[in-house]
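Containing CSV, C-alpha atoms and all ligand atoms: query.csv.
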chain,number,residue,atom,x,y,z
A,1,MET,CA,322.2,-64.9,-47.2
A,2,SER,CA,322.8,-65.5,-43.5
A,3,TRP,CA,320.7,-65.2,-40.4
A,4,GLU,CA,323.0,-62.3,-39.5
A,5,ASN,CA,321.5,-60.1,-42.1
A,6,ASN,CA,318.3,-59.9,-40.0
A,7,VAL,CA,320.0,-59.2,-36.7
A,8,ARG,CA,319.2,-55.8,-35.2
A,9,LYS,CA,322.7,-54.5,-35.0
A,10,VAL,CA,323.7,-51.7,-32.7
A,11,VAL,CA,326.9,-50.0,-31.5
A,12,PRO,CA,326.3,-50.1,-27.8
A,13,TYR,CA,326.9,-47.4,-25.2
A,14,THR,CA,330.2,-47.6,-23.4
A,15,PRO,CA,329.8,-47.0,-19.7
A,16,GLY,CA,332.6,-45.7,-17.5
A,17,GLU,CA,334.9,-48.5,-16.2
A,18,GLN,CA,334.0,-50.2,-12.9
A,19,PRO,CA,337.4,-51.5,-11.8
A,20,LYS,CA,337.5,-54.7,-9.8
A,21,THR,CA,340.0,-53.4,-7.3
A,22,ASP,CA,339.2,-51.2,-4.2
A,23,ASN,CA,342.4,-49.2,-3.9
A,24,ILE,CA,341.6,-46.6,-6.6
A,25,ILE,CA,340.1,-43.1,-6.5
A,26,LYS,CA,337.0,-43.5,-8.6
A,27,LEU,CA,336.0,-40.2,-10.2
A,28,ASN,CA,334.8,-41.6,-13.5
A,29,THR,CA,331.0,-42.3,-13.3
A,30,ASN,CA,329.5,-39.5,-11.2
A,31,GLU,CA,328.5,-41.8,-8.4
A,32,CYS,CA,327.9,-40.2,-5.0
A,33,PRO,CA,331.0,-40.6,-2.7
A,34,TYR,CA,328.8,-40.8,0.4
A,35,PRO,CA,326.7,-43.8,1.4
A,36,PRO,CA,322.9,-43.8,0.8
A,37,ALA,CA,320.7,-42.4,3.5
A,38,PRO,CA,320.8,-44.0,7.0
A,39,GLU,CA,317.0,-44.8,6.6
A,40,VAL,CA,318.0,-47.1,3.7
A,41,GLU,CA,320.4,-49.1,5.8
A,42,LYS,CA,317.9,-49.4,8.6
A,43,LEU,CA,315.2,-50.7,6.3
A,44,LEU,CA,317.6,-53.1,4.5
A,45,GLY,CA,318.4,-54.8,7.8
A,46,SER,CA,314.7,-55.5,8.4
A,47,MET,CA,313.7,-56.7,4.9
A,48,LYS,CA,312.3,-60.2,4.9
A,49,TYR,CA,314.2,-62.3,2.4
A,50,GLU,CA,311.4,-64.8,2.1
A,51,ASP,CA,309.3,-62.1,0.4
A,52,PHE,CA,311.7,-62.3,-2.5
A,53,ARG,CA,309.8,-65.4,-3.7
A,54,LEU,CA,306.9,-63.0,-4.6
A,55,TYR,CA,306.8,-60.8,-7.6
A,56,PRO,CA,307.1,-57.1,-6.8
A,57,ASP,CA,304.2,-54.7,-7.1
A,58,PRO,CA,303.9,-54.0,-10.8
A,59,GLY,CA,302.5,-50.6,-10.1
A,60,ALA,CA,305.5,-49.7,-7.9
A,61,SER,CA,303.1,-47.8,-5.6
A,62,LYS,CA,305.2,-47.6,-2.5
A,63,LEU,CA,308.0,-45.8,-4.4
A,64,ILE,CA,305.6,-43.7,-6.5
A,65,ASP,CA,303.7,-42.6,-3.4
A,66,ALA,CA,306.9,-41.6,-1.6
A,67,LEU,CA,307.9,-39.5,-4.7
A,68,SER,CA,304.4,-38.1,-4.9
A,69,ASP,CA,304.5,-36.9,-1.3
A,70,TYR,CA,308.0,-35.5,-1.7
A,71,TYR,CA,307.6,-33.7,-5.0
A,72,LYS,CA,303.9,-32.8,-4.5
A,73,VAL,CA,302.9,-34.4,-7.8
A,74,PRO,CA,299.9,-36.7,-8.2
A,75,SER,CA,300.9,-40.4,-8.4
A,76,ASP,CA,299.3,-40.8,-11.8
A,77,GLN,CA,301.8,-38.3,-13.1
A,78,ILE,CA,304.9,-40.3,-12.0
A,79,PHE,CA,306.6,-43.2,-13.8
A,80,VAL,CA,309.5,-45.3,-12.4
A,81,GLY,CA,312.0,-47.6,-14.0
A,82,VAL,CA,315.3,-49.4,-13.6
A,83,GLY,CA,317.5,-46.3,-13.4
A,84,SER,CA,316.7,-43.3,-15.6
A,85,ASP,CA,318.4,-45.2,-18.5
A,86,ASP,CA,315.4,-47.5,-18.4
A,87,VAL,CA,312.9,-44.6,-18.1
A,88,LEU,CA,314.6,-42.7,-21.0
A,89,SER,CA,314.9,-45.7,-23.2
A,90,MET,CA,311.2,-46.4,-22.6
A,91,ALA,CA,310.4,-42.8,-23.4
A,92,PHE,CA,312.4,-42.9,-26.7
A,93,LEU,CA,310.4,-46.1,-27.6
A,94,THR,CA,307.1,-44.5,-26.7
A,95,PHE,CA,307.3,-40.9,-27.8
A,96,PHE,CA,309.9,-40.7,-30.6
A,97,ASN,CA,307.9,-42.4,-33.4
A,98,SER,CA,308.0,-39.9,-36.2
A,99,ASN,CA,309.8,-39.7,-39.6
A,100,LYS,CA,311.2,-36.3,-38.6
A,101,PRO,CA,314.5,-36.3,-36.7
A,102,ILE,CA,314.6,-35.8,-33.0
A,103,LEU,CA,316.9,-33.1,-31.8
A,104,PHE,CA,319.6,-33.2,-29.2
A,105,PRO,CA,323.0,-31.4,-28.6
A,106,ASP,CA,326.2,-32.5,-30.4
A,107,ILE,CA,327.9,-32.8,-27.0
A,108,THR,CA,325.6,-34.7,-24.7
A,109,TYR,CA,324.8,-37.9,-22.9
A,110,SER,CA,326.1,-40.5,-25.3
A,111,PHE,CA,323.2,-42.9,-24.8
A,112,TYR,CA,320.8,-40.8,-26.8
A,113,ASP,CA,322.2,-41.7,-30.2
A,114,VAL,CA,322.4,-45.4,-29.1
A,115,TRP,CA,318.7,-45.6,-28.3
A,116,ALA,CA,317.8,-43.6,-31.5
A,117,ASP,CA,319.8,-46.2,-33.5
A,118,LEU,CA,318.3,-49.1,-31.6
A,119,TYR,CA,314.8,-48.0,-32.3
A,120,HIS,CA,315.5,-46.6,-35.8
A,121,ILE,CA,314.6,-43.1,-34.8
A,122,PRO,CA,316.1,-40.4,-37.1
A,123,TYR,CA,318.1,-37.7,-35.2
A,124,GLU,CA,320.0,-34.5,-35.7
A,125,ARG,CA,322.6,-33.1,-33.4
A,126,CYS,CA,322.5,-29.3,-32.7
A,127,PRO,CA,325.9,-27.9,-32.0
A,128,LEU,CA,326.4,-26.3,-28.7
A,129,ASP,CA,328.0,-22.8,-29.0
A,130,GLU,CA,331.7,-22.2,-28.2
A,131,ASN,CA,330.9,-21.9,-24.5
A,132,PHE,CA,329.0,-25.2,-24.6
A,133,ARG,CA,325.6,-23.4,-24.3
A,134,ILE,CA,322.5,-24.7,-26.0
A,135,VAL,CA,321.4,-22.4,-28.9
A,136,LYS,CA,317.7,-22.3,-28.4
A,137,GLU,CA,316.8,-21.3,-32.0
A,138,ASP,CA,318.2,-24.6,-33.2
A,139,TYR,CA,315.2,-26.3,-31.5
A,140,PHE,CA,312.6,-24.0,-33.1
A,141,LYS,CA,312.5,-25.9,-36.4
A,142,ASP,CA,310.2,-28.8,-37.4
A,143,ASN,CA,311.3,-32.0,-35.6
A,144,GLY,CA,310.2,-35.4,-34.2
A,145,GLY,CA,311.0,-34.6,-30.5
A,146,VAL,CA,313.5,-32.9,-28.3
A,147,ILE,CA,315.8,-34.2,-25.6
A,148,PHE,CA,318.7,-32.8,-23.6
A,149,PRO,CA,320.0,-33.1,-20.0
A,150,ASN,CA,319.9,-30.0,-17.7
A,151,PRO,CA,322.6,-29.5,-16.5
A,152,ASN,CA,324.0,-31.0,-19.7
A,153,ALA,CA,326.4,-33.9,-19.5
A,154,PRO,CA,329.3,-34.1,-19.7
A,155,THR,CA,329.7,-30.3,-19.7
A,156,GLY,CA,327.9,-29.6,-16.4
A,157,VAL,CA,326.4,-26.4,-18.0
A,158,LEU,CA,323.0,-25.5,-16.5
A,159,GLU,CA,320.4,-23.7,-18.7
A,160,ASP,CA,317.7,-21.5,-17.0
A,161,VAL,CA,314.1,-22.5,-16.8
A,162,ASN,CA,312.9,-19.6,-19.0
A,163,MET,CA,315.1,-20.6,-21.9
A,164,ILE,CA,313.9,-24.2,-21.6
A,165,GLU,CA,310.3,-23.1,-21.5
A,166,GLU,CA,310.9,-21.2,-24.7
A,167,ILE,CA,312.1,-24.4,-26.3
A,168,ILE,CA,309.1,-26.3,-25.0
A,169,ALA,CA,306.7,-23.5,-26.1
A,170,HIS,CA,308.1,-23.9,-29.7
A,171,ASN,CA,307.6,-27.7,-29.6
A,172,LYS,CA,304.0,-28.3,-28.5
A,173,ASP,CA,303.5,-30.8,-31.3
A,174,VAL,CA,306.2,-33.2,-30.1
A,175,VAL,CA,307.3,-34.6,-26.8
A,176,VAL,CA,310.1,-32.7,-25.0
A,177,ILE,CA,312.2,-34.7,-22.5
A,178,ILE,CA,314.4,-32.9,-20.0
A,179,ASP,CA,316.9,-35.3,-18.4
A,180,GLU,CA,317.6,-33.9,-14.9
A,181,ALA,CA,320.0,-36.5,-13.7
A,182,TYR,CA,322.1,-33.7,-12.1
A,183,ILE,CA,319.5,-31.2,-11.1
A,184,ASP,CA,319.9,-31.6,-7.3
A,185,PHE,CA,323.4,-30.1,-7.3
A,186,GLY,CA,322.3,-26.5,-7.5
A,187,GLY,CA,320.0,-26.3,-10.5
A,188,LYS,CA,316.4,-25.3,-10.8
A,189,SER,CA,314.0,-28.0,-12.1
A,190,VAL,CA,311.5,-27.5,-14.9
A,191,LEU,CA,309.1,-29.8,-12.9
A,192,PRO,CA,306.5,-27.0,-12.3
A,193,LEU,CA,306.1,-26.7,-16.1
A,194,ILE,CA,304.4,-30.1,-16.4
A,195,ASP,CA,301.2,-28.4,-15.3
A,196,LYS,CA,301.4,-26.0,-18.2
A,197,TYR,CA,302.7,-28.3,-21.0
A,198,ASP,CA,301.2,-31.8,-21.4
A,199,ASN,CA,304.1,-32.8,-23.7
A,200,LEU,CA,306.9,-32.2,-21.2
A,201,LEU,CA,308.6,-35.2,-19.5
A,202,VAL,CA,311.0,-34.5,-16.7
A,203,VAL,CA,313.3,-37.4,-15.9
A,204,GLN,CA,315.4,-37.8,-12.7
A,205,THR,CA,317.4,-40.5,-11.0
A,206,PHE,CA,318.5,-41.9,-7.6
A,207,SER,CA,321.9,-42.8,-9.1
A,208,LYS,CA,323.7,-39.5,-8.5
A,209,SER,CA,322.3,-37.2,-5.7
A,210,ARG,CA,320.7,-40.1,-3.8
A,211,ALA,CA,323.8,-42.3,-3.8
A,212,MET,CA,321.9,-45.4,-5.1
A,213,ALA,CA,323.3,-46.1,-8.5
A,214,GLY,CA,323.6,-49.8,-7.6
A,215,MET,CA,319.8,-50.1,-6.9
A,216,ARG,CA,318.9,-48.8,-10.3
A,217,ILE,CA,316.0,-46.4,-9.7
A,218,GLY,CA,314.9,-43.7,-12.1
A,219,PHE,CA,311.6,-41.7,-12.3
A,220,ALA,CA,309.8,-39.3,-14.6
A,221,PHE,CA,307.1,-36.6,-14.2
A,222,GLY,CA,304.6,-35.6,-16.8
A,223,SER,CA,301.0,-35.1,-17.7
A,224,LYS,CA,298.6,-38.0,-16.9
A,225,LYS,CA,298.4,-38.7,-20.6
A,226,LEU,CA,302.2,-39.0,-21.1
A,227,ILE,CA,302.6,-41.3,-18.0
A,228,LYS,CA,299.7,-43.4,-19.2
A,229,TYR,CA,301.4,-43.9,-22.6
A,230,LEU,CA,304.7,-44.8,-20.9
A,231,ASN,CA,303.0,-47.3,-18.7
A,232,ASP,CA,301.3,-48.9,-21.7
A,233,ALA,CA,304.7,-49.4,-23.3
A,234,LYS,CA,306.2,-50.7,-20.1
A,235,PHE,CA,303.5,-53.2,-19.6
A,236,SER,CA,304.0,-54.4,-23.1
A,237,PHE,CA,307.6,-55.0,-22.4
A,238,ASN,CA,308.1,-56.2,-18.8
A,239,SER,CA,305.6,-55.7,-16.0
A,240,TYR,CA,308.1,-56.2,-13.2
A,241,THR,CA,310.9,-53.8,-14.0
A,242,MET,CA,311.5,-52.7,-10.4
A,243,ASN,CA,312.6,-55.3,-7.9
A,244,ARG,CA,311.3,-55.4,-4.3
A,245,PRO,CA,314.4,-53.9,-2.6
A,246,SER,CA,314.5,-51.0,-5.0
A,247,LEU,CA,310.9,-50.2,-4.4
A,248,GLU,CA,311.3,-50.3,-0.6
A,249,LEU,CA,314.7,-48.8,-0.3
A,250,GLY,CA,314.0,-46.1,-2.8
A,251,ALA,CA,311.0,-45.0,-0.8
A,252,ALA,CA,313.1,-45.0,2.4
A,253,SER,CA,315.7,-42.7,0.7
A,254,VAL,CA,313.1,-40.2,-0.3
A,255,ARG,CA,311.8,-40.0,3.3
A,256,ASP,CA,315.3,-39.0,4.6
A,257,ASP,CA,315.3,-35.5,3.3
A,258,GLU,CA,317.8,-34.1,5.8
A,259,TYR,CA,320.5,-36.5,4.8
A,260,PHE,CA,319.8,-35.9,1.1
A,261,LYS,CA,320.1,-32.1,1.5
A,262,LYS,CA,323.2,-32.4,3.6
A,263,THR,CA,325.2,-34.7,1.2
A,264,CYS,CA,324.2,-32.6,-1.9
A,265,HIS,CA,325.4,-29.5,0.0
A,266,MET,CA,328.7,-31.2,0.8
A,267,ILE,CA,329.3,-32.1,-2.8
A,268,MET,CA,328.5,-28.6,-3.9
A,269,GLU,CA,331.0,-27.2,-1.3
A,270,THR,CA,333.7,-29.6,-2.5
A,271,ARG,CA,333.0,-28.6,-6.1
A,272,ARG,CA,333.4,-24.9,-5.2
A,273,ARG,CA,336.8,-25.6,-3.7
A,274,VAL,CA,338.0,-27.9,-6.5
A,275,LYS,CA,337.1,-25.3,-9.1
A,276,CYS,CA,339.5,-22.9,-7.4
A,277,GLU,CA,342.3,-25.4,-7.1
A,278,LEU,CA,341.9,-26.5,-10.8
A,279,LYS,CA,341.9,-23.0,-12.0
A,280,SER,CA,345.1,-22.2,-10.2
A,281,LEU,CA,346.7,-25.3,-11.8
A,282,GLY,CA,346.0,-24.0,-15.3
A,283,PHE,CA,342.7,-25.8,-16.0
A,284,SER,CA,339.7,-24.1,-17.6
A,285,PHE,CA,336.1,-25.4,-17.6
A,286,PRO,CA,332.5,-24.3,-18.1
A,287,ASP,CA,330.9,-23.4,-14.7
A,288,SER,CA,329.5,-26.8,-13.6
A,289,GLN,CA,326.3,-27.1,-11.7
A,290,ALA,CA,326.6,-30.9,-11.6
A,291,ASN,CA,328.6,-33.3,-9.4
A,292,PHE,CA,331.5,-33.3,-11.9
A,293,ILE,CA,333.8,-30.8,-13.6
A,294,PHE,CA,334.6,-30.9,-17.3
A,295,ALA,CA,338.0,-29.4,-17.5
A,296,LYS,CA,340.9,-29.0,-19.9
A,297,HIS,CA,344.5,-28.0,-19.2
A,298,GLU,CA,346.2,-25.1,-20.9
A,299,ASN,CA,349.1,-27.2,-22.2
A,300,VAL,CA,348.7,-30.9,-21.4
A,301,SER,CA,346.4,-33.0,-23.6
A,302,GLY,CA,343.3,-34.8,-22.3
A,303,GLN,CA,344.7,-38.2,-23.3
A,304,SER,CA,348.0,-37.7,-21.5
A,305,LEU,CA,346.3,-36.5,-18.3
A,306,PHE,CA,343.8,-39.3,-18.4
A,307,CYS,CA,346.6,-41.9,-18.7
A,308,ALA,CA,348.8,-40.3,-16.1
A,309,LEU,CA,345.9,-40.2,-13.6
A,310,LYS,CA,344.9,-43.8,-14.4
A,311,ALA,CA,348.5,-45.0,-13.8
A,312,ALA,CA,348.3,-43.2,-10.4
A,313,GLY,CA,345.1,-45.0,-9.5
A,314,ILE,CA,342.8,-42.0,-10.1
A,315,TYR,CA,340.0,-42.8,-12.6
A,316,VAL,CA,338.3,-40.0,-14.5
A,317,ARG,CA,336.4,-40.0,-17.8
A,318,HIS,CA,337.8,-39.0,-21.2
A,319,TRP,CA,336.3,-39.1,-24.7
A,320,ASN,CA,338.2,-39.2,-28.0
A,321,ALA,CA,335.4,-37.2,-29.6
A,322,PRO,CA,335.4,-34.0,-31.7
A,323,ARG,CA,335.5,-30.8,-29.7
A,324,ILE,CA,336.0,-32.5,-26.3
A,325,GLU,CA,339.1,-34.6,-26.7
A,326,ASP,CA,341.1,-32.3,-24.5
A,327,TYR,CA,338.6,-32.4,-21.7
A,328,LEU,CA,338.4,-34.7,-18.6
A,329,ARG,CA,335.2,-35.2,-16.8
A,330,ILE,CA,336.1,-35.4,-13.1
A,331,SER,CA,333.4,-36.5,-10.7
A,332,ILE,CA,333.3,-34.8,-7.3
A,333,GLY,CA,334.4,-37.2,-4.6
A,334,THR,CA,335.0,-36.7,-0.9
A,335,ASP,CA,337.3,-33.9,0.2
A,336,GLU,CA,340.0,-36.4,0.9
A,337,GLN,CA,339.8,-38.0,-2.6
A,338,MET,CA,339.9,-34.5,-4.2
A,339,ASP,CA,342.9,-33.5,-2.2
A,340,LYS,CA,344.7,-36.6,-3.5
A,341,LEU,CA,343.7,-35.7,-7.1
A,342,ILE,CA,344.9,-32.1,-6.6
A,343,ALA,CA,348.2,-33.2,-5.0
A,344,PHE,CA,348.9,-35.6,-7.9
A,345,LEU,CA,348.1,-32.9,-10.5
A,346,LYS,CA,350.3,-30.4,-8.7
A,347,ASP,CA,353.2,-32.8,-8.8
A,348,TYR,CA,352.6,-34.0,-12.4
A,349,LEU,CA,352.2,-30.5,-13.9
A,350,LYS,CA,355.3,-29.1,-12.1
B,1,LIG,C1,323.9,-40.9,-15.2
B,1,LIG,C2,322.9,-40.4,-16.2
B,1,LIG,C3,321.7,-41.0,-16.5
B,1,LIG,C4,321.3,-42.4,-16.1
B,1,LIG,O1,321.5,-42.8,-14.9
B,1,LIG,P1,320.8,-44.0,-14.2
B,1,LIG,O2,321.8,-44.6,-13.4
B,1,LIG,O3,320.4,-45.0,-15.3
B,1,LIG,O4,319.6,-43.5,-13.5
B,1,LIG,C5,320.9,-40.4,-17.4
B,1,LIG,N1,321.2,-39.2,-18.0
B,1,LIG,C6,322.3,-38.6,-17.7
B,1,LIG,C7,322.6,-37.4,-18.4
B,1,LIG,C8,323.3,-39.2,-16.9
B,1,LIG,O5,324.4,-38.6,-16.7
Turn this file's structure into structure tokens for me.
Ligand SMILES: *Cc1c(COP(=O)(O)O)cnc(C)c1O
Amino acid sequence: MSWENNVRKVVPYTPGEQPKTDNIIKLNTNECPYPPAPEVEKLLGSMKYEDFRLYPDPGASKLIDALSDYYKVPSDQIFVGVGSDDVLSMAFLTFFNSNKPILFPDITYSFYDVWADLYHIPYERCPLDENFRIVKEDYFKDNGGVIFPNPNAPTGVLEDVNMIEEIIAHNKDVVVIIDEAYIDFGGKSVLPLIDKYDNLLVVQTFSKSRAMAGMRIGFAFGSKKLIKYLNDAKFSFNSYTMNRPSLELGAASVRDDEYFKKTCHMIMETRRRVKCELKSLGFSFPDSQANFIFAKHENVSGQSLFCALKAAGIYVRHWNAPRIEDYLRISIGTDEQMDKLIAFLKDYLK
């Protein structure tokens, strides 16, 4: 008998590498290649450091009000957290509390099974079809909750709102979470459905489309009831999850809509171009609606490409996992970065 028998043991999530050197092309964690909105920089310069001695607003009202104005959702239907990872983990803890398994795709965000294990939530993976599409009927059976990203990660595949609504309509007795981390790159959000389904939680983040991964800001929309339950769990855990700069600078980012739309558009334009280039080099991929492309080459393995790219200072993401070992997930960087990637691949594959 040892104290170690009573330790809560988990296999942790492995995030993409954050290299310590600057001279690499970093296309491995889906960060935005452009800086945050100019409004953020302006406000940062005028923030008073002596205020840091004070606790932040536990209700995060500045940020929540900015989101409320922008998305036209009442503030008591918005929850914020330290990145959407914090929001999602709190949602797992709060809403997935059944003996029945929660359902999510076999190929998806690899944090879901980690949280399920951490909180002892049973789960079942529903295989995507051969085109990496969600098979909606898999989610019509009895379960303890449903979660998937839309667009899905790491595939980039977007499902349409009607199909997702069918899944929600079949699951009114559990909470359905749609993780919209990548929705701003051309997808249509299921946000309007929160008025129709009080069991729907829609989660988004500032980390990708708003270029603020380093500030750690995530948010969720849902019925008043869902948000109340989330807040009860949060205030039983840590009242001050969001720090002062995140609350202020997050609100500033939301106010700068012009910049937000411009940078999302630039990324989509670069994505369109890179899809053509990759295709002509012998890559195939599902049609991504996210800020990355999940691609495999017709005759070079994922592992070889990953290593060759890394040796050349170009970081992408690769998983040694069933069904996807030949794929690379390549984040969309600036045009200049993508040109270097394409130039390297042209030479390497010659
Ligand atoms: C990046 C990502 C998140 C979490 O991002 P945060 O930085 O914690 O907001 C959540 N879900 C998916 C699918 C992601 O790719």
Kindly assemble as JSON lines a list of the region 127-188 of chain A residues that lie within 12 Å of region 213-228 of chain A, each paired with its nearest atom pair and their distance in Å to one decimal, using all atoms listed in the file, sorted first by chain and then by ascending residue number.
{"residue": "A:Val174", "atom": "CA", "partner": "A:Leu226", "partner_atom": "CA", "distance": 11.4}
{"residue": "A:Val175", "atom": "CA", "partner": "A:Leu226", "partner_atom": "CA", "distance": 8.8}
{"residue": "A:Val176", "atom": "CA", "partner": "A:Gly222", "partner_atom": "CA", "distance": 10.3}
{"residue": "A:Ile177", "atom": "CA", "partner": "A:Ala220", "partner_atom": "CA", "distance": 9.5}
{"residue": "A:Ile178", "atom": "CA", "partner": "A:Ala220", "partner_atom": "CA", "distance": 9.6}
{"residue": "A:Asp179", "atom": "CA", "partner": "A:Ala220", "partner_atom": "CA", "distance": 9.0}
{"residue": "A:Glu180", "atom": "CA", "partner": "A:Ala220", "partner_atom": "CA", "distance": 9.5}
{"residue": "A:Ala181", "atom": "CA", "partner": "A:Gly218", "partner_atom": "CA", "distance": 9.0}
Could you give me, as a list of chain:residue names, the residues that have an atom at most 7 Å away from the point (322.5, -27.9, -14.4) in the coordinates of the file, using all atoms listed in the file?
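Returned residue set, sorted by chain then number, is A:Asn150, A:Pro151, A:Asn152, A:Gly156, A:Val157, A:Leu158, A:Glu159, A:Tyr182, A:Ile183, A:Gly187, A:Gln289, A:Ala290.
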Using only C-alpha atoms, can you tell me which of A:Gly333, A:Gly45, A:Pro192, A:Gly145 comes closest to Val161 (chain A)?
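Counting only C-alpha atoms, the residue closest to Val161 (chain A) is A:Pro192.
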Mind giving me the straight-line distance from CA of Leu278 (chain A) to CA of Ile25 (chain A) in Å, one decimal?
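So the answer is 17.2 Å.
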Find the residues near Phe237 (chain A): any atom within 12 Å, counting all atoms listed in the file, skip ones fewer than 3 places away on the same chain, and give them as a list in words.
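Residues meeting the cut-off are Asp86, Ser89, Met90, Leu93, Thr94, Leu230, Asn231, Asp232, Ala233, Lys234, Tyr240 and Thr241 of chain A.
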